[in-house]
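**Q** This is the structure, below, for whatever I ask next.
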Amino acid sequence: DRVVLRRAAETKQEESDTVVDALLGLEQACKERQRADATSGDAVAASLTGAWRLVFTTGTVTRQKKTGARVNYFPVKAVQTFDLEASRITNGVFLGDWAAVRFFGPMEFDAGNRKLTFDFTRIELFGGALGFDLGQGGAAEIGAATGLGSENNVKLAESGKKPFFNWIDCDDVIATARGGGGGLALWTRTEEP
């Protein structure tokens with residue numbers, strides 16, 4: 001499964017259903033490994049810090065139902081950075097190396113559950129020329145309205161909870177996770193823009 005995902009991250013030529021099957025297979029294998037070894041999430045923690053370009057996503061379960069299709073290979077440059085030591089996350093959409101929009105905020109990673117919770121508290125537009133702070137759940141509302149985030153994140157924020165990723169696996173080349181909206185995602189390590 002990891003071989004297929006690495007090829008998909010590098011070439012974007014693997015069939016979408018093959019990528020989804022590989023994500024599901026890896027997810028199952030990692031769940032079994034986690035049950036057998038509660039410390040296996042430490043490997044994810046050891047590799048996650050850095051910049052990751054989103055390559056493939058199924059979209060949220062709600063989005064799949066509405067459109068009748070999966071999003072698949074992500075059409076624009078979207079880069080997330082995770083800094084476990086500083087407990088910070090960023091998420092940006094880029095035109096080349098220019099940040100059209102970037103979100104910033106705190107995060108927490110629970111290695112035992114492979115769960116990363118976060119909340120974006122600041123947004124910057126047009127390469128940082130315009131920025132403002134967001135209230136709790138503000139980024140979730142923007143994400144749900146634009147289709148870039150899960151409508152479930154709005155519900156989480158309303159109940160005092162945070163959006164999250166359940167990390168499947170992470171190594172020096174690829175990272176995989178299931179988001180709070182039920183979608184699967186594949187990232188490849190990249191340079192921080």
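Ordered as shown in the structure tokens, chains take letters A, B, and onward, while each chain numbers its residues from 1 and ligands are numbered from 1 in the order shown.
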Pull the closest atom pair for each residue of range 58-129 of chain A that gets at most 9 Å from range 146-156 of chain A, along with the distance in Å to one decimal, counting only C-alpha atoms, ordering rows by chain and then ascending residue number, as JSON lines.

**A**
{"residue": "A:Gly59", "atom": "CA", "partner": "A:Ser150", "partner_atom": "CA", "distance": 8.4}
{"residue": "A:Thr60", "atom": "CA", "partner": "A:Ser150", "partner_atom": "CA", "distance": 6.2}
{"residue": "A:Val61", "atom": "CA", "partner": "A:Ser150", "partner_atom": "CA", "distance": 8.8}
{"residue": "A:Thr62", "atom": "CA", "partner": "A:Glu151", "partner_atom": "CA", "distance": 7.9}
{"residue": "A:Arg63", "atom": "CA", "partner": "A:Gly147", "partner_atom": "CA", "distance": 8.0}

**Q** Just to be explicit: take each residue in the selection above, keep all heavy atoms, and write the result as a CSV table (one decimal), in the first residue's frame.

**A**
chain,number,residue,atom,x,y,z
A,59,GLY,N,-12.1,14.1,-0.1
A,59,GLY,CA,-13.1,15.0,0.3
A,59,GLY,C,-13.8,14.5,1.5
A,59,GLY,O,-13.7,13.3,1.8
A,60,THR,N,-14.6,15.3,2.1
A,60,THR,CA,-15.4,14.8,3.3
A,60,THR,C,-16.5,13.8,2.8
A,60,THR,O,-16.9,13.9,1.6
A,60,THR,CB,-16.0,16.0,4.1
A,60,THR,OG1,-17.0,16.6,3.2
A,60,THR,CG2,-15.0,17.0,4.5
A,61,VAL,N,-17.0,13.1,3.7
A,61,VAL,CA,-18.1,12.1,3.4
A,61,VAL,C,-19.3,13.0,2.9
A,61,VAL,O,-20.0,12.6,1.9
A,61,VAL,CB,-18.4,11.2,4.6
A,61,VAL,CG1,-19.7,10.5,4.4
A,61,VAL,CG2,-17.3,10.3,4.9
A,62,THR,N,-19.6,14.1,3.6
A,62,THR,CA,-20.7,14.9,3.2
A,62,THR,C,-20.5,15.4,1.7
A,62,THR,O,-21.4,15.4,0.9
A,62,THR,CB,-20.8,16.1,4.1
A,62,THR,OG1,-21.0,15.6,5.4
A,62,THR,CG2,-22.0,17.0,3.7
A,63,ARG,N,-19.3,15.9,1.4
A,63,ARG,CA,-19.0,16.4,0.1
A,63,ARG,C,-19.2,15.3,-1.0
A,63,ARG,O,-19.7,15.5,-2.1
A,63,ARG,CB,-17.6,17.0,0.0
A,63,ARG,CG,-17.1,17.4,-1.3
A,63,ARG,CD,-17.4,18.9,-1.8
A,63,ARG,NE,-17.4,19.8,-0.7
A,63,ARG,CZ,-18.3,20.8,-0.7
A,63,ARG,NH1,-19.2,21.0,-1.6
A,63,ARG,NH2,-18.3,21.7,0.3

**Q** I want to know what sits within 8 Å of range 175-188 of chain A, based on only C-alpha atoms, with residues of the same chain fewer than 6 positions away left out; could you give that as a list of chain:residue names?

**A** A:Leu5, A:Ala9, A:Glu10, A:Val20, A:Leu23, A:Leu48, A:Trp52, A:Arg53, A:Leu54, A:Val55, A:Phe56, A:Thr57, A:Thr58, A:Gly59, A:Thr60, A:Val61, A:Thr62, A:Ser150, A:Glu151, A:Asn152, A:Asn153, A:Pro163, A:Phe164, A:Phe165, A:Asn166, A:Trp167, A:Ile168, A:Asp169

**Q** Write the residues of the selection above to a file with C-alpha atoms, as a JSON list (two decimals), in the first residue's frame.

**A**
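Everything below was put into result.json:
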[["chain", "number", "residue", "atom", "x", "y", "z"],
["A", 5, "LEU", "CA", 0.88, 5.85, -2.22],
["A", 9, "ALA", "CA", 2.45, 11.26, -4.46],
["A", 10, "GLU", "CA", 5.31, 11.41, -6.95],
["A", 20, "VAL", "CA", -8.26, 4.97, -2.08],
["A", 23, "LEU", "CA", -5.21, 4.39, 1.86],
["A", 48, "LEU", "CA", 5.28, 14.78, 11.16],
["A", 52, "TRP", "CA", 3.52, 18.72, 3.57],
["A", 53, "ARG", "CA", 1.87, 19.30, 0.20],
["A", 54, "LEU", "CA", -1.62, 17.87, -0.16],
["A", 55, "VAL", "CA", -1.61, 15.50, -3.12],
["A", 56, "PHE", "CA", -4.85, 13.52, -2.91],
["A", 57, "THR", "CA", -8.06, 13.72, -0.95],
["A", 58, "THR", "CA", -11.39, 11.96, -1.10],
["A", 59, "GLY", "CA", -13.07, 15.04, 0.32],
["A", 60, "THR", "CA", -15.39, 14.79, 3.29],
["A", 61, "VAL", "CA", -18.08, 12.14, 3.39],
["A", 62, "THR", "CA", -20.70, 14.93, 3.16],
["A", 150, "SER", "CA", -15.62, 19.99, 6.66],
["A", 151, "GLU", "CA", -19.07, 21.15, 7.72],
["A", 152, "ASN", "CA", -18.48, 18.83, 10.67],
["A", 153, "ASN", "CA", -15.76, 21.25, 11.87],
["A", 163, "PRO", "CA", -11.22, 19.99, 14.05],
["A", 164, "PHE", "CA", -8.88, 17.03, 13.83],
["A", 165, "PHE", "CA", -6.89, 14.57, 11.76],
["A", 166, "ASN", "CA", -6.54, 10.94, 12.76],
["A", 167, "TRP", "CA", -3.10, 10.16, 11.36],
["A", 168, "ILE", "CA", -2.81, 6.85, 9.60],
["A", 169, "ASP", "CA", 0.92, 6.90, 8.94]]

**Q** Looking only at the backbone, which of the residues in chain A does DSSP tag as strand (DSSP E or B), as number ranges by chain?

**A** A: 50-57, 72-73, 77-83, 88-95, 98-110, 115-118, 122-125, 130-133, 164-170, 174-179, 184-190

**Q** Name all residues at most 7 Å from Lys77 in chain A (count only C-alpha atoms; drop same-chain ones fewer than 6 positions away) and give them as an NGL selection string.

**A** :A and (53 or 93-95)

**Q** Create the file for the chosen residues now, containing all heavy atoms and written as a compact mmCIF listing (two decimals), in the first residue's frame.

**A**
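The resulting out_29.txt:
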# COMPACT_ATOMS: atom_id res chain seq x y z
N ARG A 53 2.76 18.87 1.29
CA ARG A 53 1.87 19.30 0.20
C ARG A 53 0.76 18.26 0.02
O ARG A 53 1.02 17.08 -0.13
CB ARG A 53 2.64 19.45 -1.10
CG ARG A 53 1.74 19.94 -2.22
CD ARG A 53 2.49 20.26 -3.47
NE ARG A 53 1.54 20.70 -4.50
CZ ARG A 53 1.89 21.31 -5.59
NH1 ARG A 53 3.17 21.56 -5.82
NH2 ARG A 53 0.98 21.67 -6.48
N VAL A 93 -2.92 27.96 0.68
CA VAL A 93 -3.12 27.71 -0.73
C VAL A 93 -2.22 28.69 -1.46
O VAL A 93 -2.25 29.91 -1.19
CB VAL A 93 -4.60 27.89 -1.13
CG1 VAL A 93 -4.77 27.74 -2.64
CG2 VAL A 93 -5.48 26.89 -0.39
N PHE A 94 -1.42 28.15 -2.40
CA PHE A 94 -0.37 28.94 -3.03
C PHE A 94 -0.52 28.99 -4.54
O PHE A 94 -0.96 28.02 -5.16
CB PHE A 94 1.00 28.32 -2.70
CG PHE A 94 1.34 28.39 -1.25
CD1 PHE A 94 0.86 27.44 -0.36
CD2 PHE A 94 2.15 29.40 -0.74
CE1 PHE A 94 1.16 27.50 0.99
CE2 PHE A 94 2.45 29.47 0.59
CZ PHE A 94 1.95 28.52 1.47
N LEU A 95 -0.10 30.10 -5.10
CA LEU A 95 0.08 30.25 -6.54
C LEU A 95 1.60 30.32 -6.72
O LEU A 95 2.20 31.34 -6.41
CB LEU A 95 -0.60 31.51 -7.05
CG LEU A 95 -2.09 31.63 -6.73
CD1 LEU A 95 -2.62 33.01 -7.09
CD2 LEU A 95 -2.87 30.55 -7.45

**Q** Work out how far CA of Gln64 in chain A is from CA of Ile142 in chain A, in Å to one decimal.

**A**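 One can read the CA of Ile142 in chain A to CA of Gln64 in chain A distance as 18.9 Å.
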
**Q** If you run DSSP on this backbone, which residues of range 128-190 of chain A come out as helix (DSSP H, G or I), and could you give them as a ChimeraX atom specification?

**A** /A:128,138-146,151-158

**Q** Please produce an output containing all heavy atoms for each residue in the selection, written as a short mmCIF file (atom, residue, chain, number, x, y, z; two decimals), in the first residue's frame.

**A**
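See out-v9.cif below for the written result:
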data_model
loop_
_atom_site.label_atom_id
_atom_site.label_comp_id
_atom_site.auth_asym_id
_atom_site.auth_seq_id
_atom_site.Cartn_x
_atom_site.Cartn_y
_atom_site.Cartn_z
N GLY A 128 0.18 37.75 2.74
CA GLY A 128 0.32 38.37 4.06
C GLY A 128 0.01 39.85 4.07
O GLY A 128 0.12 40.51 5.12
N GLY A 138 -14.04 30.31 13.64
CA GLY A 138 -14.11 31.19 12.47
C GLY A 138 -13.55 30.53 11.22
O GLY A 138 -14.12 30.61 10.14
N ALA A 139 -12.42 29.85 11.36
CA ALA A 139 -11.83 29.16 10.20
C ALA A 139 -12.72 28.01 9.76
O ALA A 139 -12.82 27.73 8.56
CB ALA A 139 -10.44 28.66 10.55
N ALA A 140 -13.36 27.33 10.69
CA ALA A 140 -14.25 26.22 10.34
C ALA A 140 -15.40 26.73 9.47
O ALA A 140 -15.79 26.09 8.49
CB ALA A 140 -14.79 25.54 11.59
N GLU A 141 -15.94 27.90 9.80
CA GLU A 141 -17.03 28.48 9.01
C GLU A 141 -16.55 28.84 7.61
O GLU A 141 -17.25 28.59 6.63
CB GLU A 141 -17.60 29.70 9.73
CG GLU A 141 -18.34 29.34 11.00
CD GLU A 141 -18.80 30.55 11.80
OE1 GLU A 141 -18.72 31.68 11.28
OE2 GLU A 141 -19.24 30.35 12.94
N ILE A 142 -15.35 29.42 7.51
CA ILE A 142 -14.80 29.76 6.20
C ILE A 142 -14.57 28.49 5.39
O ILE A 142 -14.92 28.42 4.21
CB ILE A 142 -13.48 30.56 6.35
CG1 ILE A 142 -13.76 31.94 6.96
CG2 ILE A 142 -12.77 30.69 5.01
CD1 ILE A 142 -12.52 32.70 7.38
N GLY A 143 -14.00 27.48 6.01
CA GLY A 143 -13.74 26.21 5.32
C GLY A 143 -15.01 25.55 4.82
O GLY A 143 -15.07 25.08 3.68
N ALA A 144 -16.03 25.52 5.65
CA ALA A 144 -17.30 24.90 5.25
C ALA A 144 -17.96 25.68 4.12
O ALA A 144 -18.51 25.10 3.19
CB ALA A 144 -18.23 24.78 6.44
N ALA A 145 -17.88 27.01 4.18
CA ALA A 145 -18.52 27.85 3.16
C ALA A 145 -17.82 27.73 1.80
O ALA A 145 -18.47 27.82 0.76
CB ALA A 145 -18.54 29.31 3.62
N THR A 146 -16.51 27.53 1.81
CA THR A 146 -15.76 27.46 0.56
C THR A 146 -15.60 26.05 0.04
O THR A 146 -15.15 25.85 -1.09
CB THR A 146 -14.35 28.06 0.74
OG1 THR A 146 -13.65 27.29 1.73
CG2 THR A 146 -14.41 29.52 1.13
N GLU A 151 -17.96 20.56 6.98
CA GLU A 151 -19.07 21.15 7.72
C GLU A 151 -19.10 20.62 9.14
O GLU A 151 -19.58 21.28 10.06
CB GLU A 151 -20.38 20.86 7.00
CG GLU A 151 -20.50 21.58 5.68
CD GLU A 151 -21.74 21.22 4.88
OE1 GLU A 151 -22.65 20.56 5.44
OE2 GLU A 151 -21.80 21.60 3.71
N ASN A 152 -18.56 19.42 9.33
CA ASN A 152 -18.48 18.83 10.67
C ASN A 152 -17.62 19.69 11.60
O ASN A 152 -17.85 19.72 12.80
CB ASN A 152 -17.93 17.40 10.60
CG ASN A 152 -18.02 16.69 11.92
OD1 ASN A 152 -19.09 16.60 12.52
ND2 ASN A 152 -16.90 16.19 12.40
N ASN A 153 -16.62 20.40 11.04
CA ASN A 153 -15.76 21.25 11.87
C ASN A 153 -16.55 22.38 12.51
O ASN A 153 -16.26 22.81 13.63
CB ASN A 153 -14.59 21.80 11.05
CG ASN A 153 -13.59 20.73 10.69
OD1 ASN A 153 -13.56 19.65 11.28
ND2 ASN A 153 -12.77 21.02 9.70
N VAL A 154 -17.58 22.87 11.83
CA VAL A 154 -18.44 23.92 12.40
C VAL A 154 -19.19 23.34 13.60
O VAL A 154 -19.26 23.96 14.66
CB VAL A 154 -19.42 24.48 11.35
CG1 VAL A 154 -20.39 25.46 11.99
CG2 VAL A 154 -18.65 25.13 10.20
N LYS A 155 -19.71 22.13 13.43
CA LYS A 155 -20.43 21.48 14.53
C LYS A 155 -19.49 21.23 15.71
O LYS A 155 -19.88 21.41 16.87
CB LYS A 155 -21.05 20.17 14.05
CG LYS A 155 -22.14 20.37 13.03
CD LYS A 155 -22.64 19.04 12.51
CE LYS A 155 -23.60 19.25 11.35
NZ LYS A 155 -23.89 18.02 10.64
N LEU A 156 -18.27 20.80 15.41
CA LEU A 156 -17.29 20.59 16.50
C LEU A 156 -17.04 21.89 17.26
O LEU A 156 -17.03 21.90 18.49
CB LEU A 156 -15.97 20.04 15.92
CG LEU A 156 -15.96 18.60 15.46
CD1 LEU A 156 -14.67 18.28 14.71
CD2 LEU A 156 -16.13 17.64 16.64
N ALA A 157 -16.81 22.98 16.51
CA ALA A 157 -16.53 24.27 17.15
C ALA A 157 -17.72 24.72 18.00
O ALA A 157 -17.53 25.24 19.11
CB ALA A 157 -16.21 25.32 16.09
N GLU A 158 -18.94 24.51 17.50
CA GLU A 158 -20.13 24.91 18.26
C GLU A 158 -20.25 24.14 19.57
O GLU A 158 -20.80 24.63 20.54
CB GLU A 158 -21.39 24.71 17.41
CG GLU A 158 -21.52 25.72 16.29
CD GLU A 158 -22.63 25.39 15.30
OE1 GLU A 158 -23.21 24.28 15.38
OE2 GLU A 158 -22.91 26.24 14.44
#

**Q** Out of A:Ala99, A:Ala45, A:Gly105, A:Phe120, which residue has the shortest atom-to-atom distance to Leu84 in chain A when counting only C-alpha atoms?

**A**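 The shortest atom-to-atom distance to Leu84 in chain A comes from A:Ala45.
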
**Q** Nearest residue to Gly50 in chain A out of A:Gln80, A:Arg114, A:Gly137, A:Phe103, using only C-alpha atoms?

**A** A:Gln80

**Q** Give the answer as one residue: which of A:Arg122, A:Lys66, A:Lys12, A:Arg2 has the shortest atom-to-atom distance to Glu27 in chain A, using only C-alpha atoms?

**A**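 Between A:Arg122, A:Lys66, A:Lys12, A:Arg2, the residue approaching Glu27 in chain A most closely is A:Arg2.
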
**Q** CA of Phe109 in chain A and CA of Glu85 in chain A, how far apart in Å?

**A** 10.0 Å

**Q** Work out how far apart CA of Gly160 in chain A and CA of Thr121 in chain A are and give it in Å to one decimal.

**A** 14.5 Å
